[in-house]
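J.: Okay, so here is input_16.cif, and as you'll see once you scroll down, it has mmCIF, C-alpha atoms.
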```cif
data_input
#
loop_
_atom_site.label_atom_id
_atom_site.label_comp_id
_atom_site.auth_asym_id
_atom_site.auth_seq_id
_atom_site.Cartn_x
_atom_site.Cartn_y
_atom_site.Cartn_z
CA MET A 1 -3.29 -0.38 -17.98
CA ASP A 2 -3.09 -3.45 -20.16
CA PRO A 3 -2.92 -6.97 -18.72
CA VAL A 4 0.53 -8.52 -18.36
CA ARG A 5 1.59 -10.27 -21.55
CA TYR A 6 4.57 -12.48 -22.31
CA THR A 7 7.08 -12.07 -25.13
CA PRO A 8 7.84 -15.08 -27.35
CA ALA A 9 10.91 -15.58 -25.11
CA GLY A 10 8.61 -15.82 -22.06
CA ILE A 11 9.53 -12.40 -20.57
CA PRO A 12 6.65 -10.64 -18.77
CA ALA A 13 5.75 -7.24 -20.26
CA LEU A 14 3.29 -4.59 -19.08
CA ASN A 15 2.19 -1.52 -21.05
CA LEU A 16 0.73 1.33 -19.04
CA THR A 17 0.16 5.07 -19.02
CA LEU A 18 1.81 7.23 -16.38
CA LYS A 19 0.10 10.44 -15.27
CA HIS A 20 2.40 13.14 -13.92
CA SER A 21 1.50 16.36 -12.07
CA SER A 22 4.00 18.80 -10.58
CA GLU A 23 5.12 22.40 -10.38
CA GLN A 24 8.43 23.26 -12.04
CA ILE A 25 10.45 26.43 -12.44
CA GLU A 26 11.14 27.60 -15.98
CA ALA A 27 12.74 30.98 -16.74
CA ASN A 28 12.26 31.87 -13.04
CA LEU A 29 8.49 31.33 -13.33
CA LYS A 30 6.43 28.60 -11.68
CA ARG A 31 4.83 26.29 -14.21
CA THR A 32 2.20 23.62 -13.55
CA ILE A 33 2.91 20.40 -15.41
CA ASN A 34 0.22 17.78 -16.14
CA CYS A 35 0.99 15.10 -18.69
CA GLU A 36 0.48 11.46 -19.63
CA LEU A 37 3.30 9.26 -20.84
CA SER A 38 3.15 5.81 -22.43
CA ALA A 39 5.36 3.38 -20.53
CA LYS A 40 6.50 -0.23 -20.58
CA ILE A 41 7.84 -2.55 -17.86
CA MET A 42 9.74 -5.68 -18.90
CA GLY A 43 10.83 -8.62 -16.75
CA ASN A 44 9.80 -9.53 -13.21
CA ASP A 45 8.88 -5.90 -12.37
CA ALA A 46 5.98 -6.32 -14.81
CA LEU A 47 4.48 -8.78 -12.31
CA ILE A 48 4.36 -6.24 -9.44
CA PRO A 49 0.66 -5.79 -8.62
CA LEU A 50 -0.22 -2.26 -9.77
CA LYS A 51 -3.66 -0.67 -9.69
CA VAL A 52 -4.93 2.40 -11.51
CA GLY A 53 -4.28 5.36 -9.22
CA ASP A 54 -1.28 3.87 -7.39
CA ARG A 55 1.39 6.47 -6.60
CA ILE A 56 4.76 5.19 -7.75
CA LYS A 57 8.30 6.42 -8.34
CA THR A 58 9.97 5.22 -11.52
CA LYS A 59 13.33 5.41 -13.22
CA GLY A 60 14.19 4.38 -16.74
CA PHE A 61 14.83 5.74 -20.19
CA ILE A 62 12.94 7.08 -23.18
CA GLY A 63 13.26 5.15 -26.39
CA ASN A 64 11.39 4.17 -29.52
CA LYS A 65 8.25 2.12 -29.03
CA SER A 66 9.70 -0.47 -31.43
CA ALA A 67 12.44 -0.81 -34.02
CA LYS A 68 10.00 0.27 -36.74
CA SER A 69 8.41 3.19 -34.85
CA ASN A 70 9.39 6.79 -34.14
CA GLN A 71 6.87 7.00 -31.29
CA LEU A 72 8.51 7.42 -27.89
CA ILE A 73 7.81 5.32 -24.81
CA PHE A 74 9.24 5.41 -21.28
CA HIS A 75 10.98 2.10 -20.50
CA ILE A 76 10.76 1.57 -16.73
CA ASN A 77 13.64 -0.29 -15.10
CA PHE A 78 12.99 0.74 -11.48
CA ILE A 79 9.65 1.08 -9.69
CA GLU A 80 8.63 1.63 -6.08
CA TYR A 81 5.43 2.57 -4.28
CA LEU A 82 5.22 6.00 -2.63
#
```
So that I can check it, write out the structure of this file as structure tokens.
T.:
Amino acid sequence: MDPVRYTPAGIPALNLTLKHSSEQIEANLKRTINCELSAKIMGNDALIPLKVGDRIKTKGFIGNKSAKSNQLIFHINFIEYL
């Protein structure tokens, strides 16, 4: 997890990596899912004190990392501790 930074407009921003583990059903078969996903939190939620290993629930959307990039990043617009 990177330290909180501020955009030129003064908006807090936090870049982090989410780790996900679950079991899902695909084609009627159980599948174990383990993945890492680059994520970004903008605004006051970026100031929520998070530590590596915290269990959280997030909601948001997947979009381009920037206007000039085709890399995808998960933009978090809701976060809560589990």
J.: Counting all atoms listed in the file, which residues come within 12 Å of (1.4, -9.9, -20.8), with the point read in the file's coordinates, and could you list them as a PyMOL selection string?
T.: chain A and resi 1-16+40-47
J.: Of the residues A:Glu23, A:Pro49, A:Ile76, A:Ser66, which is the one nearest to Leu37 (chain A), using all atoms listed in the file?
T.: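 Under the stated criterion, the closest residue is A:Ile76.
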J.: Residues within 8 Å of (9.3, 2.7, -18.5), file coordinates, counting only C-alpha atoms: what are they? Give the list as a PyMOL selection string.
T.: chain A and resi 38-41+58-62+73-77
J.: Store the residues picked out above, limited to C-alpha atoms, as an mmCIF file, keeping the file's coordinate frame.
T.:
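Contents of out_32.cif, as written:
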```cif
data_model
loop_
_atom_site.group_PDB
_atom_site.id
_atom_site.type_symbol
_atom_site.label_atom_id
_atom_site.label_comp_id
_atom_site.auth_asym_id
_atom_site.auth_seq_id
_atom_site.Cartn_x
_atom_site.Cartn_y
_atom_site.Cartn_z
ATOM 1 C CA SER A 38 3.150 5.810 -22.430
ATOM 2 C CA ALA A 39 5.360 3.380 -20.530
ATOM 3 C CA LYS A 40 6.500 -0.230 -20.580
ATOM 4 C CA ILE A 41 7.840 -2.550 -17.860
ATOM 5 C CA THR A 58 9.970 5.220 -11.520
ATOM 6 C CA LYS A 59 13.330 5.410 -13.220
ATOM 7 C CA GLY A 60 14.190 4.380 -16.740
ATOM 8 C CA PHE A 61 14.830 5.740 -20.190
ATOM 9 C CA ILE A 62 12.940 7.080 -23.180
ATOM 10 C CA ILE A 73 7.810 5.320 -24.810
ATOM 11 C CA PHE A 74 9.240 5.410 -21.280
ATOM 12 C CA HIS A 75 10.980 2.100 -20.500
ATOM 13 C CA ILE A 76 10.760 1.570 -16.730
ATOM 14 C CA ASN A 77 13.640 -0.290 -15.100
#
```
J.: Measure the distance from CA of Ser21 (chain A) to CA of Arg55 (chain A) in Å and round it to one decimal.
T.: 11.3 Å
J.: Compile the contact shell of Ile56 (chain A) as a list in words: residues with an atom at most 10 Å away, counting all atoms listed in the file, same-chain residues fewer than 3 positions apart removed.
T.: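 Everything that qualifies: Leu18, Leu50, Gly53, Ile79, Glu80, Tyr81 and Leu82 of chain A.
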J.: Between CA of Asn34 (chain A) and CA of His20 (chain A), what is the distance in Å, rounded to a tenth?
T.: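 The value is 5.6 Å.
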J.: Could you please determine the separation between CA of Asp54 (chain A) and CA of Thr17 (chain A) in Å, to one decimal place?
T.: 11.8 Å
J.: Set the distance at 12 Å and use all atoms listed in the file: which residues neighbour Gln24 (chain A) once local chain neighbours fewer than 5 positions away are removed? I'd like the list as number ranges by chain.
T.: A: 29-34
J.: Take the residues from that selection and write them out as a short mmCIF file (atom, residue, chain, number, x, y, z; two decimals), in the coordinates of the input, keeping C-alpha atoms.
T.:
```cif
data_model
loop_
_atom_site.label_atom_id
_atom_site.label_comp_id
_atom_site.auth_asym_id
_atom_site.auth_seq_id
_atom_site.Cartn_x
_atom_site.Cartn_y
_atom_site.Cartn_z
CA LEU A 29 8.49 31.33 -13.33
CA LYS A 30 6.43 28.60 -11.68
CA ARG A 31 4.83 26.29 -14.21
CA THR A 32 2.20 23.62 -13.55
CA ILE A 33 2.91 20.40 -15.41
CA ASN A 34 0.22 17.78 -16.14
#
```
J.: Between A:Val52, A:Gly63, A:Cys35, A:Lys68, which residue has the minimum interatomic distance to Lys19 (chain A), considering all atoms listed in the file?
T.: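 For Lys19 (chain A), the nearest of the candidates is A:Cys35.
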J.: My structure is short of atoms at region 29-41 of chain A; please model N, CA and C atoms there, returning them as an mmCIF file, keeping the file's coordinate frame.
T.:
```cif
data_model
loop_
_atom_site.group_PDB
_atom_site.id
_atom_site.type_symbol
_atom_site.label_atom_id
_atom_site.label_comp_id
_atom_site.auth_asym_id
_atom_site.auth_seq_id
_atom_site.Cartn_x
_atom_site.Cartn_y
_atom_site.Cartn_z
ATOM 1 N N LEU A 29 9.944 31.297 -13.517
ATOM 2 C CA LEU A 29 8.490 31.330 -13.330
ATOM 3 C C LEU A 29 8.009 29.933 -12.970
ATOM 4 N N LYS A 30 7.020 29.878 -12.050
ATOM 5 C CA LYS A 30 6.430 28.600 -11.680
ATOM 6 C C LYS A 30 5.505 28.127 -12.787
ATOM 7 N N ARG A 31 5.641 26.871 -13.147
ATOM 8 C CA ARG A 31 4.830 26.290 -14.210
ATOM 9 C C ARG A 31 4.202 25.008 -13.711
ATOM 10 N N THR A 32 2.896 24.847 -13.914
ATOM 11 C CA THR A 32 2.200 23.620 -13.550
ATOM 12 C C THR A 32 2.291 22.642 -14.709
ATOM 13 N N ILE A 33 2.742 21.425 -14.385
ATOM 14 C CA ILE A 33 2.910 20.400 -15.410
ATOM 15 C C ILE A 33 1.907 19.280 -15.154
ATOM 16 N N ASN A 34 1.140 18.924 -16.157
ATOM 17 C CA ASN A 34 0.220 17.780 -16.140
ATOM 18 C C ASN A 34 0.410 17.071 -17.475
ATOM 19 N N CYS A 35 0.804 15.814 -17.442
ATOM 20 C CA CYS A 35 0.990 15.100 -18.690
ATOM 21 C C CYS A 35 0.772 13.603 -18.492
ATOM 22 N N GLU A 36 0.588 12.912 -19.602
ATOM 23 C CA GLU A 36 0.480 11.460 -19.630
ATOM 24 C C GLU A 36 1.586 10.935 -20.529
ATOM 25 N N LEU A 37 2.162 9.816 -20.129
ATOM 26 C CA LEU A 37 3.300 9.260 -20.840
ATOM 27 C C LEU A 37 3.112 7.751 -20.991
ATOM 28 N N SER A 38 3.203 7.254 -22.214
ATOM 29 C CA SER A 38 3.150 5.810 -22.430
ATOM 30 C C SER A 38 4.404 5.180 -21.845
ATOM 31 N N ALA A 39 4.235 4.032 -21.193
ATOM 32 C CA ALA A 39 5.360 3.380 -20.530
ATOM 33 C C ALA A 39 5.268 1.876 -20.692
ATOM 34 N N LYS A 40 6.413 1.217 -20.453
ATOM 35 C CA LYS A 40 6.500 -0.230 -20.580
ATOM 36 C C LYS A 40 7.414 -0.744 -19.463
ATOM 37 N N ILE A 41 7.006 -1.856 -18.844
ATOM 38 C CA ILE A 41 7.840 -2.550 -17.860
ATOM 39 C C ILE A 41 8.098 -3.951 -18.404
#
```
